[in-house]
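Everything below belongs to my_file22.cif, which stores mmCIF, C-alpha atoms.
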```cif
data_work
#
loop_
_atom_site.label_atom_id
_atom_site.label_comp_id
_atom_site.auth_asym_id
_atom_site.auth_seq_id
_atom_site.Cartn_x
_atom_site.Cartn_y
_atom_site.Cartn_z
CA MET A 245 8.97 8.44 -6.78
CA ILE A 246 9.56 4.89 -5.66
CA VAL A 247 9.35 4.54 -1.88
CA CYS A 248 11.60 2.13 -0.02
CA ALA A 249 10.15 0.39 3.05
CA ALA A 250 12.11 -1.94 5.32
CA LEU A 251 10.89 -4.42 7.89
CA VAL A 252 13.21 -3.81 10.82
CA VAL A 253 13.93 -5.59 14.10
CA PRO A 254 16.04 -4.36 17.04
CA PRO A 255 19.68 -5.47 17.40
CA ASP A 256 18.90 -7.99 20.16
CA SER A 257 15.96 -9.57 18.34
CA SER A 258 15.98 -13.31 17.70
CA VAL A 259 14.31 -12.66 14.35
CA TYR A 260 16.56 -12.97 11.31
CA VAL A 261 14.09 -13.84 8.56
CA PRO A 262 10.52 -12.63 8.03
CA GLN A 263 9.05 -16.10 8.68
CA GLU A 264 10.17 -15.72 12.28
CA LEU A 265 7.76 -12.81 12.71
CA ALA A 266 4.79 -15.21 12.88
CA TYR A 267 2.76 -14.40 16.01
CA ARG A 268 5.12 -11.55 16.91
CA THR A 269 3.77 -8.03 17.13
CA VAL A 270 4.69 -5.72 14.27
CA GLY A 271 3.87 -2.04 14.70
CA LEU A 272 2.33 -0.52 11.57
CA ASP A 273 1.08 2.97 10.76
CA TYR A 274 -2.26 1.71 9.53
CA GLY A 275 -3.73 3.59 6.61
CA ASN A 276 -0.40 4.52 5.00
CA GLY A 277 1.70 3.05 2.23
CA THR A 278 4.41 1.86 4.58
CA ALA A 279 1.90 -0.16 6.57
CA TYR A 280 0.60 -1.82 3.42
CA ALA A 281 4.14 -2.48 2.24
CA GLY A 282 4.75 -4.07 5.63
CA LEU A 283 1.73 -6.32 5.28
CA GLN A 284 2.86 -7.37 1.83
CA MET A 285 6.33 -8.25 3.09
CA LEU A 286 4.87 -10.20 5.99
CA GLU A 287 2.25 -12.10 4.05
CA GLY A 288 4.92 -13.24 1.63
CA ALA A 289 6.43 -15.19 4.52
CA VAL A 290 3.73 -15.77 7.10
CA PRO A 291 0.13 -17.04 6.78
CA ARG A 292 -2.34 -14.23 7.34
CA ASP A 293 -3.78 -15.88 10.42
CA ALA A 294 -0.32 -15.88 11.99
CA LEU A 295 0.22 -12.16 11.46
CA ALA A 296 0.16 -10.07 14.61
CA THR A 297 0.17 -6.35 13.99
CA CYS A 298 -0.68 -3.36 16.13
CA ALA A 299 -1.33 0.32 15.43
CA ALA A 300 1.80 2.44 15.59
CA VAL A 301 2.36 6.15 15.14
CA LEU A 302 2.73 7.73 11.72
CA HIS A 303 6.05 9.46 12.44
CA PRO A 304 8.74 6.95 11.46
CA GLY A 305 11.22 8.30 14.00
CA GLU A 306 8.72 7.84 16.81
CA ARG A 307 7.77 4.41 15.49
CA TYR A 308 11.44 3.42 15.46
CA ALA A 309 11.84 4.70 19.03
CA ALA A 310 8.76 2.74 20.14
CA MET A 311 10.23 -0.43 18.67
CA MET A 312 13.52 0.19 20.44
CA ARG A 313 11.61 0.65 23.72
CA GLY A 314 10.10 -2.79 23.17
CA GLU A 315 6.54 -1.68 22.47
CA PHE A 316 6.49 -4.08 19.51
CA GLU A 317 8.98 -6.53 18.05
CA ALA A 318 9.35 -5.11 14.56
CA THR A 319 8.18 -2.23 12.44
CA VAL A 320 8.38 -0.85 8.94
CA LEU A 321 10.53 2.20 8.32
CA GLN A 322 11.35 4.47 5.45
CA GLU A 323 14.39 6.69 4.93
CA PRO A 324 16.16 8.27 6.72
CA TRP A 325 15.18 6.02 9.63
CA ILE A 326 16.19 2.85 7.79
CA THR A 327 19.72 4.24 7.79
CA VAL A 328 19.42 5.33 11.43
CA ALA A 329 18.23 1.85 12.40
CA GLU A 330 21.04 0.13 10.53
CA LYS A 331 23.63 2.37 12.19
CA ALA A 332 22.15 1.39 15.55
CA GLY A 333 22.63 -2.30 14.75
CA CYS A 334 19.04 -3.12 13.78
CA ARG A 335 18.50 -5.74 11.10
CA LEU A 336 16.46 -5.34 7.95
CA VAL A 337 14.67 -8.66 7.57
CA SER A 338 12.91 -7.59 4.38
CA THR A 339 12.92 -4.61 2.05
CA THR A 340 10.44 -3.62 -0.61
CA PHE A 341 9.57 -0.73 -2.90
CA PHE A 342 6.27 0.83 -3.87
CA HIS A 343 4.98 3.70 -5.96
CA GLY A 344 4.13 6.98 -4.33
CA THR A 345 0.92 7.62 -6.24
CA TRP A 346 -0.74 11.01 -6.59
CA VAL A 347 -4.45 11.51 -6.08
CA ALA A 348 -5.83 14.48 -7.99
CA GLY A 349 -9.06 16.36 -7.53
CA PRO A 350 -11.45 17.31 -10.34
CA ASP A 351 -9.83 20.75 -10.71
CA VAL A 352 -6.67 19.29 -12.21
CA THR A 353 -6.63 20.01 -15.92
CA PRO A 354 -4.40 18.28 -18.48
CA GLU A 355 -2.34 21.49 -18.80
CA LEU A 356 -1.82 21.74 -15.06
CA TYR A 357 -0.90 18.09 -14.69
CA ALA A 358 1.40 18.26 -17.71
CA ALA A 359 3.36 21.11 -16.11
CA PHE A 360 3.59 19.09 -12.90
CA LEU A 361 4.82 16.03 -14.83
CA ARG A 362 7.47 18.05 -16.65
CA GLY A 363 8.76 19.58 -13.41
CA VAL A 364 8.90 16.19 -11.72
CA THR A 365 10.62 14.60 -14.72
CA ARG A 366 13.32 17.25 -14.77
CA ALA A 367 13.87 16.74 -11.04
CA VAL A 368 14.09 12.95 -11.45
CA ARG A 369 16.80 13.38 -14.08
CA ARG A 370 18.78 15.79 -11.91
CA ILE A 371 18.57 13.59 -8.82
CA ASN A 372 19.44 10.40 -10.69
CA ALA A 373 22.51 12.15 -12.11
CA ASP A 374 23.86 12.76 -8.59
CA LYS A 375 21.78 11.19 -5.81
CA ARG A 376 24.35 11.85 -3.10
CA ARG A 377 23.96 15.59 -3.67
CA TYR A 378 20.31 15.40 -2.65
CA VAL A 379 20.34 13.10 0.40
CA SER A 380 20.34 16.16 2.68
CA TYR A 381 16.62 16.43 1.90
CA PHE A 382 16.09 13.37 4.08
CA LYS A 383 17.31 15.39 7.05
CA ASP A 384 14.62 18.05 6.63
CA GLY A 385 10.92 18.06 7.46
CA TRP A 386 9.97 15.41 9.99
CA ALA A 387 13.62 14.60 10.54
CA ALA A 388 14.77 18.15 11.29
CA GLY A 389 14.53 17.72 15.06
CA ASP A 390 15.87 14.18 15.24
CA PRO A 391 19.47 14.09 16.51
CA GLU A 392 20.12 10.60 15.14
CA VAL A 393 19.11 11.71 11.66
CA GLN A 394 21.06 14.93 11.93
CA ALA A 395 24.16 12.90 12.85
CA LEU A 396 24.02 11.03 9.54
CA ALA A 397 26.60 11.88 6.89
CA ALA A 398 25.77 11.89 3.21
CA ASP A 399 27.90 8.78 2.76
CA ASP A 400 25.79 6.86 5.30
CA PHE A 401 22.86 6.64 2.89
CA ASN A 402 22.48 3.56 0.70
CA LEU A 403 21.69 5.10 -2.66
CA GLY A 404 20.10 1.85 -3.83
CA ARG A 405 17.21 2.66 -1.52
CA ILE A 406 16.62 6.00 -3.22
CA GLN A 407 14.87 5.20 -6.47
CA LEU A 408 13.21 7.67 -8.77
CA ARG A 409 11.49 7.02 -12.04
CA GLU A 410 10.01 9.39 -14.56
CA PRO A 411 6.22 9.44 -14.18
CA THR A 412 4.12 7.24 -16.43
CA PRO A 413 0.39 6.56 -16.70
CA ILE A 414 -0.87 4.09 -14.11
CA PRO A 415 -1.04 0.60 -15.67
CA GLU A 416 -4.53 -0.82 -15.28
CA ASP A 417 -3.28 -4.22 -14.13
CA GLU A 418 -1.32 -2.62 -11.30
CA ALA A 419 -4.31 -0.51 -10.25
CA ARG A 420 -6.52 -3.60 -10.33
CA TRP A 421 -4.02 -5.63 -8.31
CA ALA A 422 -3.77 -2.89 -5.66
CA TRP A 423 -7.57 -2.64 -5.45
CA GLU A 424 -8.04 -6.37 -5.12
CA TRP A 425 -5.28 -6.65 -2.54
CA MET A 426 -6.84 -3.85 -0.44
CA ALA A 427 -10.26 -5.48 -0.81
CA SER A 428 -8.83 -8.80 0.38
CA TRP A 429 -7.97 -7.06 3.66
CA GLY A 430 -11.42 -5.48 3.90
CA LEU A 431 -10.01 -1.99 3.42
CA ILE A 432 -12.18 -1.20 0.43
CA HIS A 433 -15.33 -2.78 -0.90
CA GLY A 434 -16.83 -3.42 -4.29
CA THR A 435 -15.45 -4.43 -7.63
CA PHE A 436 -12.57 -2.63 -9.32
CA ASP A 437 -13.70 -0.22 -12.03
CA VAL A 438 -10.84 1.59 -13.71
CA THR A 439 -13.09 4.43 -14.88
CA SER A 440 -13.97 5.33 -11.31
CA GLN A 441 -10.33 5.30 -10.21
CA ILE A 442 -8.38 6.89 -13.06
CA ASN A 443 -9.50 9.74 -15.32
CA ARG A 444 -7.83 8.36 -18.42
CA GLN A 445 -8.75 11.38 -20.53
CA VAL A 446 -6.96 13.87 -18.26
CA GLU A 447 -4.09 11.45 -17.69
CA GLN A 448 -3.54 10.77 -21.39
CA GLU A 449 -3.84 14.40 -22.46
CA ALA A 450 -1.47 15.48 -19.70
CA HIS A 451 1.17 12.93 -20.68
CA GLU A 452 0.87 13.86 -24.34
CA LEU A 453 1.16 17.56 -23.55
CA ALA A 454 4.09 16.96 -21.22
CA TRP A 455 6.15 15.10 -23.77
CA GLU A 456 5.18 17.30 -26.70
CA GLY A 457 7.05 20.11 -24.99
CA ARG A 458 10.23 18.05 -24.60
CA VAL A 459 11.55 18.04 -21.10
CA ARG A 460 14.73 20.06 -20.65
CA ARG A 461 17.47 19.16 -18.22
CA MET B 83 3.62 32.08 -20.44
CA THR B 84 0.69 32.50 -18.04
CA ALA B 85 1.51 31.01 -14.68
CA MET B 86 -0.75 28.26 -13.42
CA THR B 87 -1.11 27.71 -9.69
CA MET B 88 -1.64 24.47 -7.82
CA THR B 89 -1.52 23.59 -4.14
CA ILE B 90 -0.62 20.12 -2.92
CA GLU B 91 -0.77 18.53 0.51
CA PRO B 92 2.53 18.39 2.43
CA VAL B 93 5.02 15.75 1.29
CA SER B 94 8.25 14.25 2.64
CA ALA B 95 11.52 13.35 0.97
CA PHE B 96 11.03 9.59 1.34
CA SER B 97 8.07 9.70 -1.03
CA SER B 98 8.45 12.98 -2.90
CA LEU B 99 12.10 13.94 -3.17
CA ASP B 100 11.47 14.77 -6.82
CA VAL B 101 8.71 17.26 -5.97
CA LEU B 102 10.77 18.96 -3.26
CA VAL B 103 13.78 19.32 -5.56
CA ALA B 104 11.60 20.61 -8.40
CA MET B 105 10.13 23.24 -6.07
CA ASP B 106 13.49 24.33 -4.67
CA GLU B 107 15.27 24.44 -8.01
CA GLY B 108 12.53 26.31 -9.83
CA LEU B 109 11.69 23.44 -12.18
CA PHE B 110 7.93 23.87 -11.82
CA LYS B 111 8.23 27.62 -12.30
CA ALA B 112 10.20 27.00 -15.50
CA GLU B 113 7.21 25.01 -16.72
CA GLY B 114 4.78 27.81 -15.89
CA LEU B 115 3.53 26.21 -12.68
CA ASP B 116 3.50 27.97 -9.34
CA LEU B 117 3.33 24.89 -7.10
CA ARG B 118 2.54 25.54 -3.46
CA MET B 119 2.45 23.22 -0.50
CA ALA B 120 -0.35 23.55 2.04
CA SER B 121 0.30 23.22 5.76
CA ARG B 122 -1.57 20.94 8.09
CA GLU B 123 -3.02 22.45 11.22
CA SER B 124 -3.34 20.46 14.43
CA ARG B 125 -7.05 19.90 13.68
CA ASP B 126 -5.99 18.09 10.49
CA ILE B 127 -3.82 15.58 12.30
CA ARG B 128 -5.20 12.46 13.89
CA SER B 129 -2.92 9.74 15.16
CA THR B 130 -2.75 6.49 13.25
CA THR B 131 -2.92 4.78 16.65
CA GLU B 132 -6.61 5.74 16.76
CA GLY B 133 -7.26 3.41 13.85
CA THR B 134 -7.33 -0.31 13.27
CA LEU B 135 -6.09 -2.38 10.38
CA SER B 136 -9.54 -2.60 8.81
CA SER B 137 -10.60 0.91 9.81
CA PRO B 138 -7.47 3.03 9.61
CA VAL B 139 -7.08 6.71 10.35
CA THR B 140 -5.25 8.70 7.73
CA ASN B 141 -4.57 12.39 7.34
CA GLN B 142 -4.05 12.11 3.60
CA GLY B 143 -6.66 13.87 1.53
CA ARG B 144 -8.15 15.96 4.34
CA LEU B 145 -6.93 19.27 2.93
CA GLN B 146 -8.17 18.28 -0.49
CA GLU B 147 -11.58 17.49 0.96
CA ARG B 148 -11.73 21.03 2.33
CA GLY B 149 -10.64 22.52 -0.99
CA GLU B 150 -7.27 23.67 0.38
CA ALA B 151 -5.23 21.37 -1.85
CA THR B 152 -5.69 19.94 -5.30
CA MET B 153 -3.52 16.84 -5.06
CA PHE B 154 -2.15 14.56 -2.37
CA GLN B 155 -0.05 11.45 -2.24
CA GLY B 156 -2.09 8.36 -1.55
#
```

Take the structure I supplied and represent it as structure tokens, if you would.
Amino acid sequence: MIVCAALVVPPDSSVYVPQELAYRTVGLDYGNGTAYAGLQMLEGAVPRDALATCAAVLHPGERYAAMMRGEFEATVLQEPWITVAEKAGCRLVSTTFFHGTWVAGPDVTPELYAAFLRGVTRAVRRINADKRRYVSYFKDGWAAGDPEVQALAADDFNLGRIQLREPTPIPEDEARWAWEWMASWGLIHGTFDVTSQINRQVEQEAHELAWEGRVRR
Amino acid sequence: MTAMTMTIEPVSAFSSLDVLVAMDEGLFKAEGLDLRMASRESRDIRSTTEGTLSSPVTNQGRLQERGEATMFQG
């Protein structure tokens, strides 16, 4: 799935464009994809030495609430809290998308992964055929106890922020770029080696097996 | 068809709507896969506020490390 992440400021913020977040504190859930998406949105507009971030909680609803309490001046949210924030008058000063990538252990065989890929592919086709039908999923899980999320109607969701793509092998250039970007922030060390990151044999066999069987709707 | 079994770490709709729908609508089962989702216990959860930008705290992968899940979203 493609994850949508939005850089959000409160309704009374003087920030309208990401450049204006220089030297302003942005709360990020360090160690997670949304935090890295946030850094990428920020560094596209602000020199790294002008970035001011702080550690924020993982739960996006709690992170949103912390921003609204003034604990930091902006944060990065994912759905359904992007929609909640917009309804509350917050502004999205930047939006981006990133891949939700799976990490598999050594027990995953090509047959197992192929079955997983086929199931996911069938789900992607169903959801893309009628996204509105499935937005109720965003009200479950973490969001189940959040009254602002529960108050959302299906029509409140911007379907353009819900993007699904059928799974494909990971392109080496994208994996390399992600590694080098993480290394540039000191998050990982060493030189990128695709063979240590992606088991191409399992990946290739799984994709071949998955598509041999023709995915049904 | 012999059913295969796999356990994954917990996922949310914002990053795995496709997996949740496939589980609920029996799409994995139709492919011979009994996909299960592990639960995190309180001991598995550390707050991201304990980490720093260069030394973050993440809960992803902890169940896999203990052999309680085979895949997780990174």

Compute the set of chain B residues within 7 Å of chain A, using all atoms listed in the file, and express it as a VMD selection string.
chain B and resid 86 94 to 98 100 to 101 103 to 104 109 to 110 113 to 115 129 to 131 133 to 136 138 to 140 152 to 156

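The interatomic distance for the pair CA of Cys334 in chain A and CA of Val259 in chain A works out to 10.7 Å.
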
Nearest candidate to Arg377 in chain A (options B:Ala112, B:Leu117, B:Leu99, B:Glu147; using all atoms listed in the file)
B:Leu99

Residues picked by the PyMOL selection byres ((chain A and resi 399) around 12) here, as a PyMOL selection string?
chain A and resi 327+375-380+395-398+400-403

Identify the residues around (-3.0, 24.1, -6.4) within a radius of 6 Å, measuring from all atoms listed in the file in the coordinates stated by the file, and give them as a VMD selection string.
chain B and resid 87 to 90 151 to 152

Spatial neighbours of Asp126 in chain B, max dist 12 Å, all atoms listed in the file, sep filter under 5 positions, as a JSON list (two decimals) with C-alpha atoms, in the frame of the given file:
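To be explicit, this is the file written out as around_6.json:
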```
[["chain", "number", "residue", "atom", "x", "y", "z"],
["B", 91, "GLU", "CA", -0.77, 18.53, 0.51],
["B", 92, "PRO", "CA", 2.53, 18.39, 2.43],
["B", 120, "ALA", "CA", -0.35, 23.55, 2.04],
["B", 121, "SER", "CA", 0.30, 23.22, 5.76],
["B", 139, "VAL", "CA", -7.08, 6.71, 10.35],
["B", 140, "THR", "CA", -5.25, 8.70, 7.73],
["B", 141, "ASN", "CA", -4.57, 12.39, 7.34],
["B", 142, "GLN", "CA", -4.05, 12.11, 3.60],
["B", 143, "GLY", "CA", -6.66, 13.87, 1.53],
["B", 144, "ARG", "CA", -8.15, 15.96, 4.34],
["B", 145, "LEU", "CA", -6.93, 19.27, 2.93],
["B", 146, "GLN", "CA", -8.17, 18.28, -0.49],
["B", 147, "GLU", "CA", -11.58, 17.49, 0.96],
["B", 148, "ARG", "CA", -11.73, 21.03, 2.33],
["B", 150, "GLU", "CA", -7.27, 23.67, 0.38]]
```

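From CA of Trp423 in chain A back to CA of Thr435 in chain A, the distance works out to 8.4 Å.
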
Gap from CA of Ala450 in chain A to CA of Ile414 in chain A - Å, one decimal
12.7 Å

Counting only C-alpha atoms, closest pick from A:Ala388, A:Val438, A:Val393, A:Leu453 relative to Trp421 in chain A is A:Val438
